[in-house]
Structure formats: structure tokens, C-alpha cells
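Next comes work-v4.txt, with compact mmCIF, C-alpha atoms.
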# COMPACT_ATOMS: atom_id res chain seq x y z
CA ARG A 1 0.00 0.00 0.00
CA LYS A 2 1.12 3.53 -0.70
CA PHE A 3 0.57 6.67 1.41
CA LEU A 4 1.40 10.35 1.06
CA ILE A 5 3.79 11.34 3.81
CA LYS A 6 3.55 14.58 5.74
CA ASN A 7 5.62 15.73 8.70
CA TYR A 8 7.94 12.74 9.11
CA SER A 9 9.82 13.50 12.33
CA GLY A 10 12.48 10.78 12.32
CA ASN A 11 16.17 11.39 11.75
CA LEU A 12 16.79 10.68 8.06
CA SER A 13 20.56 10.46 8.53
CA GLU A 14 20.08 7.35 10.68
CA LEU A 15 18.14 5.46 8.01
CA GLU A 16 19.36 3.22 5.22
CA HIS A 17 18.87 5.18 2.01
CA HIS A 18 19.43 4.91 -1.74
CA GLU A 19 19.58 7.35 -4.64
CA LEU A 20 17.25 6.44 -7.51
CA LYS A 21 16.96 7.70 -11.05
CA GLN A 22 14.33 6.15 -13.27
CA GLY A 23 12.60 6.56 -16.57
CA TYR A 24 9.95 4.74 -18.55
CA ILE A 25 10.43 3.32 -22.01
CA SER A 26 6.76 2.32 -21.93
CA THR A 27 3.94 2.76 -19.43
CA LYS A 28 1.58 0.19 -21.02
CA PRO A 29 3.08 -2.29 -20.39
CA VAL A 30 5.38 -0.79 -17.77
CA ILE A 31 8.98 -1.06 -18.92
CA ARG A 32 11.28 0.96 -16.68
CA ILE A 33 14.98 1.56 -16.34
CA ARG A 34 16.32 2.45 -12.91
CA LYS A 35 19.64 3.40 -11.45
CA TRP A 36 19.66 2.27 -7.80
CA ASP A 37 22.82 3.80 -6.34
CA ASN A 38 25.32 2.30 -8.82
CA THR A 39 23.22 -0.66 -10.01
CA LYS A 40 21.28 -0.34 -13.25
CA ILE A 41 18.10 -2.40 -13.73
CA LEU A 42 15.52 -2.99 -16.44
CA THR A 43 12.10 -3.79 -14.94
CA ILE A 44 8.94 -5.08 -16.58
CA LYS A 45 5.76 -4.87 -14.47
CA SER A 46 2.34 -6.42 -14.83
CA SER A 47 -0.77 -4.27 -14.47
CA GLY A 48 -2.48 -3.56 -11.13
CA LEU A 49 -2.41 -1.15 -8.21
CA ILE A 50 -2.19 -3.25 -5.04
CA MET A 51 -0.59 -6.44 -6.33
CA ARG A 52 1.73 -6.73 -9.37
CA ASP A 53 4.39 -9.03 -10.76
CA GLU A 54 7.83 -7.57 -11.51
CA TYR A 55 10.67 -8.98 -13.57
CA GLU A 56 14.14 -7.44 -13.33
CA ILE A 57 17.33 -7.70 -15.37
CA GLU A 58 20.60 -6.05 -14.36
CA LEU A 59 22.09 -3.79 -17.03
CA SER A 60 25.62 -2.72 -17.87
CA GLU A 61 26.42 1.01 -17.99
CA ASP A 62 26.35 0.94 -21.81
CA GLU A 63 22.98 -0.84 -21.88
CA PHE A 64 21.54 1.64 -19.38
CA GLN A 65 22.79 4.65 -21.36
CA ASN A 66 21.40 3.22 -24.59
CA LEU A 67 17.97 2.59 -23.04
CA GLU A 68 17.99 6.00 -21.32
CA LYS A 69 17.87 7.59 -24.81
CA LYS A 70 14.55 5.80 -25.35
CA VAL A 71 12.87 7.08 -22.18
CA GLU A 72 9.55 8.83 -22.76
CA GLY A 73 8.50 11.70 -20.51
CA ASN A 74 9.96 12.84 -17.20
CA ILE A 75 13.01 11.32 -15.55
CA ILE A 76 12.27 10.75 -11.85
CA ASN A 77 14.98 11.38 -9.24
CA LYS A 78 14.38 10.56 -5.60
CA THR A 79 15.98 9.38 -2.40
CA ARG A 80 14.48 6.25 -0.88
CA TYR A 81 14.68 5.84 2.90
CA ILE A 82 14.00 2.47 4.51
CA ILE A 83 12.01 2.77 7.76
CA PRO A 84 11.68 -0.50 9.73
CA ILE A 85 8.30 -0.97 11.39
CA ASN A 86 6.52 -3.78 13.27
CA ASN A 87 6.05 -7.38 12.07
CA ASN A 88 9.28 -7.26 10.00
CA LEU A 89 7.68 -4.78 7.62
CA LYS A 90 9.34 -1.66 6.29
CA ILE A 91 8.24 1.61 4.80
CA GLU A 92 10.06 2.63 1.64
CA MET A 93 9.79 6.42 1.86
CA ASP A 94 10.55 8.27 -1.37
CA ILE A 95 11.50 11.94 -1.22
CA PHE A 96 11.35 13.32 -4.75
CA HIS A 97 13.79 15.83 -6.23
CA ASP A 98 13.97 18.16 -9.22
CA ILE A 99 10.58 18.72 -10.89
CA PHE A 100 8.74 16.67 -8.24
CA GLU A 101 10.34 18.43 -5.24
CA GLY A 102 7.81 18.52 -2.39
CA LEU A 103 6.29 15.13 -3.14
CA CYS A 104 6.91 12.40 -0.59
CA TYR A 105 5.24 9.06 -0.21
CA GLY A 106 5.82 5.75 1.48
CA GLU A 107 5.04 2.27 0.31
CA VAL A 108 4.81 -0.93 2.32
CA GLU A 109 4.96 -4.34 0.67
CA PHE A 110 3.08 -7.13 2.42
CA PRO A 111 3.28 -10.92 2.36
CA ASP A 112 -0.45 -11.19 1.51
CA ILE A 113 -3.62 -9.17 0.85
CA GLU A 114 -5.04 -9.75 4.36
CA THR A 115 -1.96 -8.22 6.03
CA ALA A 116 -2.14 -5.27 3.62
CA GLU A 117 -5.82 -4.65 4.36
CA ASN A 118 -5.29 -4.80 8.14
CA PHE A 119 -2.27 -2.44 8.15
CA LYS A 120 -2.58 0.55 10.48
CA ALA A 121 -0.38 3.31 9.10
CA PRO A 122 1.64 5.60 11.40
CA ASP A 123 0.37 9.19 11.68
CA PHE A 124 2.94 10.64 9.27
CA MET A 125 1.46 8.42 6.52
CA TYR A 126 -1.55 10.63 6.35
CA LYS A 127 -3.36 9.78 3.10
CA ASP A 128 -3.82 6.34 1.51
CA ILE A 129 -3.13 6.62 -2.23
CA SER A 130 -2.84 2.89 -2.90
CA LYS A 131 -5.73 2.79 -5.34
CA SER A 132 -4.94 6.07 -7.06
CA GLY A 133 -2.97 5.36 -10.19
CA VAL A 134 -1.99 9.03 -10.59
CA PHE A 135 0.68 8.54 -7.91
CA GLN A 136 2.39 5.67 -9.69
CA ASN A 137 5.82 6.69 -10.93
CA SER A 138 4.79 5.68 -14.44
CA SER A 139 1.99 8.29 -14.23
CA LEU A 140 4.37 10.92 -12.90
CA SER A 141 6.66 10.24 -15.84
CA ARG A 142 3.84 11.20 -18.26
CA MET A 143 2.77 14.35 -16.39
CA GLU A 144 3.05 17.68 -18.18
CA LEU A 145 5.68 19.90 -16.54
CA SER A 146 3.16 22.75 -16.33
CA ASP A 147 0.86 20.55 -14.17
CA VAL A 148 3.41 19.26 -11.64
CA SER A 149 3.32 22.13 -9.13
CA ALA A 150 -0.50 22.16 -8.88
CA PHE A 151 -0.57 18.35 -8.67
CA ILE A 152 1.76 18.34 -5.66
CA LYS A 153 -0.09 21.22 -3.96
CA ASN A 154 -3.48 19.50 -4.45
CA ALA A 155 -2.15 16.15 -3.23
CA TYR A 156 -1.55 17.62 0.23
CA LYS A 157 -4.93 19.38 0.61

Show me this structure written as C-alpha cells.
Amino acid sequence: RKFLIKNYSGNLSELEHHELKQGYISTKPVIRIRKWDNTKILTIKSSGLIMRDEYEIELSEDEFQNLEKKVEGNIINKTRYIIPINNNLKIEMDIFHDIFEGLCYGEVEFPDIETAENFKAPDFMYKDISKSGVFQNSSLSRMELSDVSAFIKNAYK
């Protein structure tokens, strides 16, 4: 499940974190390239909002650079912080940079649908956006630059 995050009060410097850069070659089906710190990955995702299959292939630098030329839309840059929570779960909190500065959300992956449905989010995860496809990174990649600022402002109303 995915939630907008507002007023996270933890110390970010104490958390595991990773720098991500990603772009979409296609959004239907989802074909994404991602740089995760220094690792480059090609990902293919099935459709869905709550539950999806993902297939990943590691890329060389040359392969990544070649595919990056084929990216459609916005490149997404963000820092992902890993926040451990109860029951061996973790929140993957993404703080966006560049054109999406001000957007922050957290996602929790669950072992099954029942656990996901019974999850009680901490207070800083203030708005459940799990079923809103507009917050998927693939949707952000297609957003018009002129609409980004209003989108972020309206998300936190």
C-alpha cells in the first residue's frame, strides 16, 4: 500500500537510504529503467495497483545509457529511505527531487492481501493513495511539466 507522507519526524541520517533515477520506455506495459545507487536495472511490471508481478534484469552502464535515450516523458529522481516498522515490515519512503520536489510518499509491501488490508499506518502516513494510479511513478513520468506544481499542492490538501 502507498501513502502520502507529511511531517515525518524521524532522523533521516540514521536510516538506510538509496539514490534512484528512473525513466519509462513504456507505461503500457510498464517497462522501466532504474539506477539504484550504482546498479542499473531494467524492470517489466504487470498491471495492477495493489498487487503486481515484476521482472528485473541487471544492465551494464552501456545498456543503461542506450535505453535512457529511449525514455519517454519525465526522468524521476528521488531518495528512498527504509524505515523499519513492526512485524518485520518496512516503509520505503521516497522523497522526490527536481521537478517533483515537495512530493513524498511511502510504500509498504506485504506478504499477503489480508496483512495489507489490516495495516494501520503511522500518523505521518496521512493519506492512503494505494488505489490512485496518478501517484504511480509511471503516471508521474507522463505528467506535463506545467501541471506538476499544482498536482503536488493539491495532493496535500

**Q.** Closest of A:Tyr55, A:Tyr81, A:Phe64, A:Tyr24 to A:Cys104 - atom-to-atom distances counting all atoms listed in the file
**A.**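 Result for the nearest residue to A:Cys104: A:Tyr81.
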
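Atom to atom, atom CA of A:Lys6 and atom CA of A:Tyr105 stand 8.3 Å apart.
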
(Q) With distances taken over all atoms listed in the file, which residue among A:Phe119, A:Asp62, A:His17, A:Glu56 lies nearest A:Asn86? (A)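 Nearest to A:Asn86: A:Phe119.
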
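Distance annotation: of A:Thr39, A:Gly73, A:Ser46, A:Leu15, the residue with the minimal separation from A:Ser60 is A:Thr39; atom set is all atoms listed in the file.
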
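Pairwise distance (atom CA of A:Ser47, atom CA of A:Asn118) equals 23.1 Å.
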
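Near stretch 106-108 of chain A, within 8 Å and counting only C-alpha atoms, sit Arg1, Lys2, Phe3, Leu4, Ile5, Leu89, Lys90, Ile91, Glu92, Met93, Asp94 and Met125 of chain A, not including residues fewer than 4 positions from it in the same chain.
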
Q.
So, with all atoms listed in the file as the atoms that count, which of A:Ser138, A:Ile85, A:Gly133, A:Glu58 lies closest to A:Ile31?
A. A:Ser138

Around all listed atoms of stretch 57-63 of chain A, padded 3 Å per side, what centre and edge lengths does the axis-aligned box have in Å to one decimal, as JSON?
{"center_x": 21.9, "center_y": -3.3, "center_z": -18.1, "size_x": 15.1, "size_y": 14.7, "size_z": 13.5}

Q: Would you list the contacts of A:Gln22 as a VMD selection string, taking every protein, DNA or RNA residue within 6 Å and counting all atoms listed in the file, but skipping same-chain residues closer than 3 positions in sequence?
A: chain A and resid 33 to 34 75 to 76

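In this comparison, which uses all atoms listed in the file, the residue of A:Ser146, A:Gln65, A:Asn87, A:Ser13 approaching A:Thr115 most closely is A:Asn87.
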